[in-house]
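What's in input.txt: compact mmCIF, C-alpha atoms
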```
# COMPACT_ATOMS: atom_id res chain seq x y z
CA ALA A 708 3.05 -16.14 6.31
CA GLN A 709 1.64 -14.49 3.24
CA LYS A 710 4.03 -13.49 0.48
CA ILE A 711 3.76 -11.65 -2.82
CA THR A 712 6.34 -12.10 -5.56
CA GLN A 713 6.75 -9.79 -8.52
CA THR A 714 9.60 -11.15 -10.64
CA GLN A 715 9.86 -8.31 -13.16
CA PRO A 716 11.78 -5.34 -11.76
CA GLY A 717 11.22 -3.43 -14.99
CA MET A 718 9.09 -3.75 -18.10
CA PHE A 719 8.95 -1.82 -21.35
CA VAL A 720 6.01 -1.57 -23.73
CA GLN A 721 5.22 0.42 -26.83
CA GLU A 722 2.35 2.86 -26.67
CA LYS A 723 -0.99 1.28 -27.67
CA GLU A 724 0.24 -2.26 -27.05
CA ALA A 725 -0.86 -4.55 -24.22
CA VAL A 726 1.40 -5.57 -21.35
CA THR A 727 1.19 -8.19 -18.60
CA LEU A 728 2.70 -7.63 -15.17
CA ASP A 729 3.28 -10.82 -13.21
CA CYS A 730 2.30 -11.51 -9.62
CA THR A 731 2.39 -14.76 -7.69
CA TYR A 732 1.31 -15.18 -4.11
CA ASP A 733 1.61 -17.63 -1.29
CA THR A 734 -0.99 -18.12 1.40
CA SER A 735 -2.60 -20.91 3.37
CA ASP A 736 -5.84 -18.96 3.70
CA GLN A 737 -8.87 -19.99 1.66
CA SER A 738 -10.34 -16.49 1.70
CA TYR A 739 -8.22 -13.57 0.58
CA GLY A 740 -8.24 -10.53 -1.67
CA LEU A 741 -5.74 -9.44 -4.29
CA PHE A 742 -5.15 -5.85 -5.31
CA TRP A 743 -3.10 -3.91 -7.80
CA TYR A 744 -1.95 -0.37 -7.06
CA LYS A 745 -0.19 2.13 -9.33
CA GLN A 746 2.41 4.52 -7.97
CA PRO A 747 3.40 7.28 -10.43
CA SER A 748 6.56 9.32 -9.96
CA SER A 749 4.57 11.82 -7.89
CA GLY A 750 4.35 9.12 -5.22
CA GLU A 751 0.70 8.56 -4.44
CA MET A 752 -0.83 5.07 -4.34
CA ILE A 753 -3.71 4.63 -6.77
CA PHE A 754 -6.01 1.60 -6.51
CA LEU A 755 -6.53 -0.13 -9.86
CA ILE A 756 -8.34 -3.44 -9.49
CA TYR A 757 -9.46 -6.08 -6.99
CA GLN A 758 -9.93 -9.86 -7.20
CA GLY A 759 -11.48 -11.95 -4.45
CA SER A 760 -10.38 -15.53 -3.96
CA TYR A 761 -13.94 -16.77 -4.44
CA ASP A 762 -14.71 -14.63 -7.48
CA GLU A 763 -15.35 -16.93 -10.41
CA GLN A 764 -14.72 -14.34 -13.09
CA ASN A 765 -11.57 -12.35 -13.69
CA ALA A 766 -11.89 -8.75 -12.60
CA THR A 767 -11.89 -5.96 -15.18
CA GLU A 768 -11.77 -2.18 -14.75
CA GLY A 769 -11.58 -0.27 -18.00
CA ARG A 770 -8.20 -1.00 -19.59
CA TYR A 771 -7.12 -3.10 -16.62
CA SER A 772 -7.91 -6.77 -16.24
CA LEU A 773 -6.67 -9.35 -13.81
CA ASN A 774 -5.69 -12.80 -15.06
CA PHE A 775 -6.47 -14.83 -11.94
CA GLN A 776 -5.27 -18.43 -11.89
CA LYS A 777 -6.05 -19.73 -8.43
CA ALA A 778 -4.45 -23.16 -8.81
CA ARG A 779 -1.19 -21.53 -9.87
CA LYS A 780 -1.56 -18.78 -7.26
CA SER A 781 -1.03 -16.07 -9.82
CA ALA A 782 -2.82 -12.75 -10.31
CA ASN A 783 -1.29 -11.04 -13.30
CA LEU A 784 -2.33 -7.52 -14.31
CA VAL A 785 -3.03 -6.92 -17.97
CA ILE A 786 -3.03 -3.35 -19.26
CA SER A 787 -4.48 -3.00 -22.74
CA ALA A 788 -3.75 -0.17 -25.16
CA SER A 789 -0.91 1.27 -23.07
CA GLN A 790 -0.67 5.03 -22.72
CA LEU A 791 2.31 7.21 -21.85
CA GLY A 792 0.60 8.03 -18.56
CA ASP A 793 0.74 4.36 -17.58
CA SER A 794 4.47 4.71 -16.92
CA ALA A 795 4.75 4.08 -13.16
CA MET A 796 5.52 1.52 -10.48
CA TYR A 797 2.90 -1.20 -10.12
CA PHE A 798 2.40 -3.11 -6.90
CA CYS A 799 0.52 -6.33 -6.33
CA ALA A 800 -0.86 -6.78 -2.81
CA MET A 801 -2.80 -9.36 -0.84
CA ARG A 802 -5.12 -8.78 2.04
CA GLU A 803 -5.53 -11.41 4.65
CA THR A 804 -9.10 -11.83 5.75
CA GLY A 805 -9.90 -11.98 9.41
CA GLY A 806 -7.34 -10.57 11.76
CA SER A 807 -6.11 -7.10 10.96
CA GLU A 808 -6.74 -7.34 7.20
CA LYS A 809 -3.49 -5.58 6.51
CA LEU A 810 -2.03 -5.54 3.02
CA VAL A 811 1.12 -7.45 2.07
CA PHE A 812 2.88 -5.91 -0.94
CA GLY A 813 5.28 -7.19 -3.57
CA LYS A 814 8.41 -5.23 -4.47
CA GLY A 815 6.81 -3.78 -7.56
CA THR A 816 7.40 -3.58 -11.30
CA LYS A 817 8.49 -0.39 -13.00
CA LEU A 818 6.60 0.00 -16.26
CA THR A 819 7.88 2.31 -18.96
CA VAL A 820 5.66 3.08 -21.94
CA ASN A 821 7.60 4.18 -25.00
CA PRO A 822 6.09 6.46 -27.67
CA ASN B 1114 -15.57 13.77 -0.21
CA ALA B 1115 -12.06 14.26 1.01
CA GLY B 1116 -9.73 11.30 0.83
CA VAL B 1117 -7.07 10.35 3.33
CA MET B 1118 -5.12 13.46 4.27
CA GLN B 1119 -1.52 13.20 5.38
CA ASN B 1120 0.72 16.00 6.52
CA PRO B 1121 3.29 17.14 6.13
CA ARG B 1122 4.01 15.94 2.60
CA HIS B 1123 7.74 16.32 3.20
CA LEU B 1124 9.53 16.39 6.54
CA VAL B 1125 13.22 16.96 7.18
CA ARG B 1126 14.76 16.17 10.55
CA ARG B 1127 18.26 15.96 11.94
CA ARG B 1128 19.46 12.81 13.65
CA GLY B 1129 18.18 12.64 17.21
CA GLN B 1130 15.11 14.81 16.63
CA GLU B 1131 11.50 13.68 16.77
CA ALA B 1132 9.24 13.25 13.76
CA ARG B 1133 5.44 13.44 13.95
CA LEU B 1134 3.40 12.32 10.98
CA ARG B 1135 -0.33 13.00 10.83
CA CYS B 1136 -3.14 11.15 9.09
CA SER B 1137 -6.81 12.09 8.83
CA PRO B 1138 -8.82 9.14 7.48
CA VAL B 1139 -11.69 9.30 5.04
CA LYS B 1140 -14.76 10.62 6.84
CA GLY B 1141 -16.60 7.72 8.41
CA HIS B 1142 -13.63 5.36 8.33
CA SER B 1143 -12.70 4.03 11.73
CA HIS B 1144 -9.69 1.91 10.78
CA VAL B 1145 -6.24 3.34 10.08
CA TYR B 1146 -3.14 1.54 8.80
CA TRP B 1147 0.41 2.86 8.58
CA TYR B 1148 2.89 1.51 6.03
CA ARG B 1149 6.53 2.34 5.35
CA GLN B 1150 8.17 2.37 1.93
CA LEU B 1151 11.94 2.26 1.75
CA PRO B 1152 13.61 3.29 -1.55
CA GLU B 1153 13.12 0.73 -4.33
CA GLU B 1154 10.84 -1.37 -2.11
CA GLY B 1155 7.16 -2.12 -1.74
CA LEU B 1156 5.11 -0.90 1.19
CA LYS B 1157 5.51 -2.74 4.47
CA PHE B 1158 2.82 -2.82 7.15
CA MET B 1159 3.65 -1.14 10.42
CA VAL B 1160 0.54 -0.77 12.58
CA TYR B 1161 -3.25 -1.02 12.51
CA LEU B 1162 -5.39 1.15 14.75
CA GLN B 1163 -9.02 1.73 15.50
CA LYS B 1164 -10.23 4.70 17.51
CA GLU B 1165 -8.27 4.74 20.80
CA ASN B 1166 -6.96 1.20 20.25
CA ILE B 1167 -3.89 -0.38 18.71
CA ILE B 1168 -5.09 -3.60 17.10
CA ASP B 1169 -1.94 -4.93 15.41
CA GLU B 1170 1.52 -3.45 15.80
CA SER B 1171 3.43 -6.46 14.54
CA GLY B 1172 5.27 -4.37 11.93
CA MET B 1173 6.41 -1.60 14.25
CA PRO B 1174 10.03 -1.41 15.35
CA LYS B 1175 10.21 -2.16 19.05
CA GLU B 1176 11.91 1.08 19.98
CA ARG B 1177 11.43 4.77 19.11
CA PHE B 1178 8.22 4.24 17.11
CA SER B 1179 4.71 4.76 18.44
CA ALA B 1180 1.27 5.37 16.98
CA GLU B 1181 -2.05 6.60 18.25
CA PHE B 1182 -5.53 7.24 16.90
CA PRO B 1183 -7.36 9.34 19.49
CA LYS B 1184 -11.10 9.70 19.81
CA GLU B 1185 -10.84 13.17 18.34
CA GLY B 1186 -8.28 14.26 15.77
CA PRO B 1187 -5.91 12.59 13.37
CA SER B 1188 -3.84 9.48 13.79
CA ILE B 1189 -0.22 10.23 14.69
CA LEU B 1190 2.88 8.19 13.89
CA ARG B 1191 5.71 9.34 16.14
CA ILE B 1192 9.37 8.54 15.66
CA GLN B 1193 11.69 9.55 18.48
CA GLN B 1194 15.45 10.12 18.14
CA VAL B 1195 15.39 9.61 14.39
CA VAL B 1196 18.29 7.92 12.60
CA ARG B 1197 19.32 7.92 8.93
CA GLY B 1198 17.64 4.56 8.41
CA ASP B 1199 14.26 6.09 9.19
CA SER B 1200 14.38 7.98 5.89
CA ALA B 1201 11.44 6.62 3.92
CA ALA B 1202 7.96 7.38 2.66
CA TYR B 1203 5.28 6.74 5.26
CA PHE B 1204 1.78 6.03 4.00
CA CYS B 1205 -1.47 6.01 5.88
CA ALA B 1206 -4.52 4.11 4.68
CA SER B 1207 -8.06 3.99 6.01
CA SER B 1208 -10.98 1.66 5.62
CA PRO B 1209 -14.52 1.27 6.92
CA ILE B 1210 -15.43 -1.35 9.50
CA ASP B 1211 -16.32 -3.97 6.91
CA GLN B 1212 -13.73 -3.82 4.12
CA GLY B 1213 -15.29 -6.52 2.00
CA LYS B 1214 -14.08 -6.01 -1.52
CA ARG B 1215 -13.22 -2.39 -1.00
CA PRO B 1216 -9.63 -1.24 -1.18
CA GLN B 1217 -7.83 0.61 1.52
CA HIS B 1218 -7.69 4.29 0.61
CA PHE B 1219 -4.18 5.68 0.77
CA GLY B 1220 -2.99 9.17 1.50
CA ASP B 1221 -0.27 10.77 -0.59
CA GLY B 1222 2.36 9.87 1.99
CA THR B 1223 4.94 11.76 4.03
CA ARG B 1224 8.49 11.71 2.75
CA LEU B 1225 10.79 11.76 5.75
CA SER B 1226 14.42 12.75 5.21
CA ILE B 1227 16.99 12.50 7.98
CA LEU B 1228 20.06 14.72 7.72
```
Go ahead and render the structure in this file as structure tokens.
Amino acid sequence: AQKITQTQPGMFVQEKEAVTLDCTYDTSDQSYGLFWYKQPSSGEMIFLIYQGSYDEQNATEGRYSLNFQKARKSANLVISASQLGDSAMYFCAMRETGGSEKLVFGKGTKLTVNP
Amino acid sequence: NAGVMQNPRHLVRRRGQEARLRCSPVKGHSHVYWYRQLPEEGLKFMVYLQKENIIDESGMPKERFSAEFPKEGPSILRIQQVVRGDSAAYFCASSPIDQGKRPQHFGDGTRLSIL
């Protein structure tokens, strides 16, 4: 069964600094997708970034980048130049390909950006 | 274009009552997923539906919970005889037929509180 592990329940970062949120995954599939979602205190789920298992380059979306290390089964999210509005819960998720393509989520990391 | 619409945003029920949660997918999306988020947890898959068909209900509790996605109208998640443990945020997500690299689009969720 697929599993996502986020080992950091909470992280703190100073405004304008970079922060890395860890995510490791376990799957026997060769083809899969990895996602990061942000959940602010208002509760909605906001898609941030996607990495496919066959993508050769690390994904980037603005201030977000994904440090994908396939051999180590890790997909860490890097947020550069943190802003106060980045304070939120961050969830790593994996989508199985084939079958129902449902998402499997980690337990999340609560990021607090300090001024 | 409207995103995934869920209603109500908040729902309060007494133990033993029924709860009905509605989800209108993104226009043109034929796949709907329901997830449940308990406090301090990540989202957990419940059920995957296509129009008029339940494709994967491996995450649904065996009793009291049901879901449908009729030919016309929104998808409905129904919880009969609610108990305190059903208190959670319920999220709906939709996707097109071929997800590829695209993320599932989430609604803002329904927060269910059981008195």
Based on all atoms listed in the file, which of the residues in chain B come within 6 Å of chain A? I want them as a PDB file with C-alpha atoms, keeping the file's coordinate frame.
```pdb
ATOM      1  CA  GLU B1154      10.840  -1.370  -2.110  1.00  0.00           C
ATOM      2  CA  GLY B1155       7.160  -2.120  -1.740  1.00  0.00           C
ATOM      3  CA  LEU B1156       5.110  -0.900   1.190  1.00  0.00           C
ATOM      4  CA  ASP B1221      -0.270  10.770  -0.590  1.00  0.00           C
TER       5      ASP B1221
END
```
Excluding Arg779 (chain A) and its own-chain neighbours fewer than 5 positions away, which residues fall within 10 Å of it when counting all atoms listed in the file? Please give them as a count of residues only. 3
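Atom pair CA of Gln1130 (chain B) / CA of Thr1223 (chain B) has a distance of 16.5 Å (rounded to one decimal).
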12 Å contact set for region 1185-1200 of chain B, only C-alpha atoms, chain neighbours under 6 positions out, as an MDAnalysis selection string: chainID B and resid 1117:1121 1123:1140 1142:1152 1159:1167 1170 1173:1179 1206:1207 1223:1228
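Across the model, the gap from CA of Ser789 (chain A) to CA of Arg770 (chain A) is 8.4 Å.
For the pair CA of Cys1205 (chain B) and CA of Ala795 (chain A), the separation is 20.1 Å.
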Scan for residues within 7 Å of the point (4.2, 1.1, -17.4) in the coordinates of the file, using all atoms listed in the file, and reply as an NGL selection string. :A and (718-719 or 793-795 or 817-820)
Pull C-alpha atoms from the residues just selected and write them as a PDB file, in the coordinates of the input.
```pdb
ATOM      1  CA  MET A 718       9.090  -3.750 -18.100  1.00  0.00           C
ATOM      2  CA  PHE A 719       8.950  -1.820 -21.350  1.00  0.00           C
ATOM      3  CA  ASP A 793       0.740   4.360 -17.580  1.00  0.00           C
ATOM      4  CA  SER A 794       4.470   4.710 -16.920  1.00  0.00           C
ATOM      5  CA  ALA A 795       4.750   4.080 -13.160  1.00  0.00           C
ATOM      6  CA  LYS A 817       8.490  -0.390 -13.000  1.00  0.00           C
ATOM      7  CA  LEU A 818       6.600   0.000 -16.260  1.00  0.00           C
ATOM      8  CA  THR A 819       7.880   2.310 -18.960  1.00  0.00           C
ATOM      9  CA  VAL A 820       5.660   3.080 -21.940  1.00  0.00           C
TER      10      VAL A 820
END
```
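Considering the residues A:Ser748, A:Thr727, A:Asn821, A:Gln713 and counting all atoms listed in the file, Gln790 (chain A) has its shortest atom-to-atom contact with A:Asn821.
Nearest-residue note for Tyr1203 (chain B): choosing from B:Gln1217, B:Arg1122, B:Glu1153, B:Asp1169, the minimum distance belongs to B:Arg1122, counting all atoms listed in the file.
Proximity ranking of B:Ile1168, B:Gly1220, B:Gly1116, B:Lys1157 relative to Glu1181 (chain B) places B:Ile1168 first, based on all atoms listed in the file.
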I want to know what sits within 9 Å of Leu773 (chain A), based on only C-alpha atoms, with residues of the same chain fewer than 2 positions away left out; could you give that as a list in words? Trp743, Ile756, Tyr757, Gln758, Asn765, Ala766, Thr767, Glu768, Tyr771, Phe775, Ala782, Asn783, Leu784, Val785 and Ile786 of chain A
Place N, CA, C and O atoms on region 1135-1147 of chain B and deliver the coordinates as a short mmCIF file (atom, residue, chain, number, x, y, z; two decimals), keeping the file's coordinate frame.
```
data_model
loop_
_atom_site.label_atom_id
_atom_site.label_comp_id
_atom_site.auth_asym_id
_atom_site.auth_seq_id
_atom_site.Cartn_x
_atom_site.Cartn_y
_atom_site.Cartn_z
N ARG B 1135 1.09 12.96 10.54
CA ARG B 1135 -0.33 13.00 10.83
C ARG B 1135 -1.15 12.39 9.70
O ARG B 1135 -0.78 12.52 8.53
N CYS B 1136 -2.26 11.79 10.07
CA CYS B 1136 -3.14 11.15 9.09
C CYS B 1136 -4.59 11.34 9.50
O CYS B 1136 -4.99 10.91 10.59
N SER B 1137 -5.36 11.98 8.63
CA SER B 1137 -6.81 12.09 8.83
C SER B 1137 -7.49 11.14 7.87
O SER B 1137 -7.36 11.31 6.65
N PRO B 1138 -8.21 10.14 8.37
CA PRO B 1138 -8.82 9.14 7.48
C PRO B 1138 -10.00 9.71 6.70
O PRO B 1138 -10.47 10.82 6.99
N VAL B 1139 -10.45 8.96 5.75
CA VAL B 1139 -11.69 9.30 5.04
C VAL B 1139 -12.81 9.42 6.07
O VAL B 1139 -12.90 8.61 7.02
N LYS B 1140 -13.66 10.40 5.90
CA LYS B 1140 -14.76 10.62 6.84
C LYS B 1140 -15.60 9.36 6.96
O LYS B 1140 -16.03 8.78 5.96
N GLY B 1141 -15.80 8.92 8.19
CA GLY B 1141 -16.60 7.72 8.41
C GLY B 1141 -15.78 6.45 8.53
O GLY B 1141 -16.29 5.40 8.92
N HIS B 1142 -14.50 6.53 8.19
CA HIS B 1142 -13.63 5.36 8.33
C HIS B 1142 -13.07 5.32 9.74
O HIS B 1142 -12.54 6.30 10.24
N SER B 1143 -13.14 4.15 10.35
CA SER B 1143 -12.70 4.03 11.73
C SER B 1143 -11.42 3.21 11.87
O SER B 1143 -10.95 2.98 12.98
N HIS B 1144 -10.89 2.73 10.74
CA HIS B 1144 -9.69 1.91 10.78
C HIS B 1144 -8.56 2.65 10.05
O HIS B 1144 -8.75 3.16 8.95
N VAL B 1145 -7.40 2.68 10.67
CA VAL B 1145 -6.24 3.34 10.08
C VAL B 1145 -5.06 2.37 10.07
O VAL B 1145 -4.81 1.66 11.05
N TYR B 1146 -4.35 2.36 8.96
CA TYR B 1146 -3.14 1.54 8.80
C TYR B 1146 -1.99 2.46 8.44
O TYR B 1146 -2.15 3.40 7.66
N TRP B 1147 -0.81 2.16 8.98
CA TRP B 1147 0.41 2.86 8.58
C TRP B 1147 1.34 1.86 7.90
O TRP B 1147 1.51 0.71 8.37
#
```
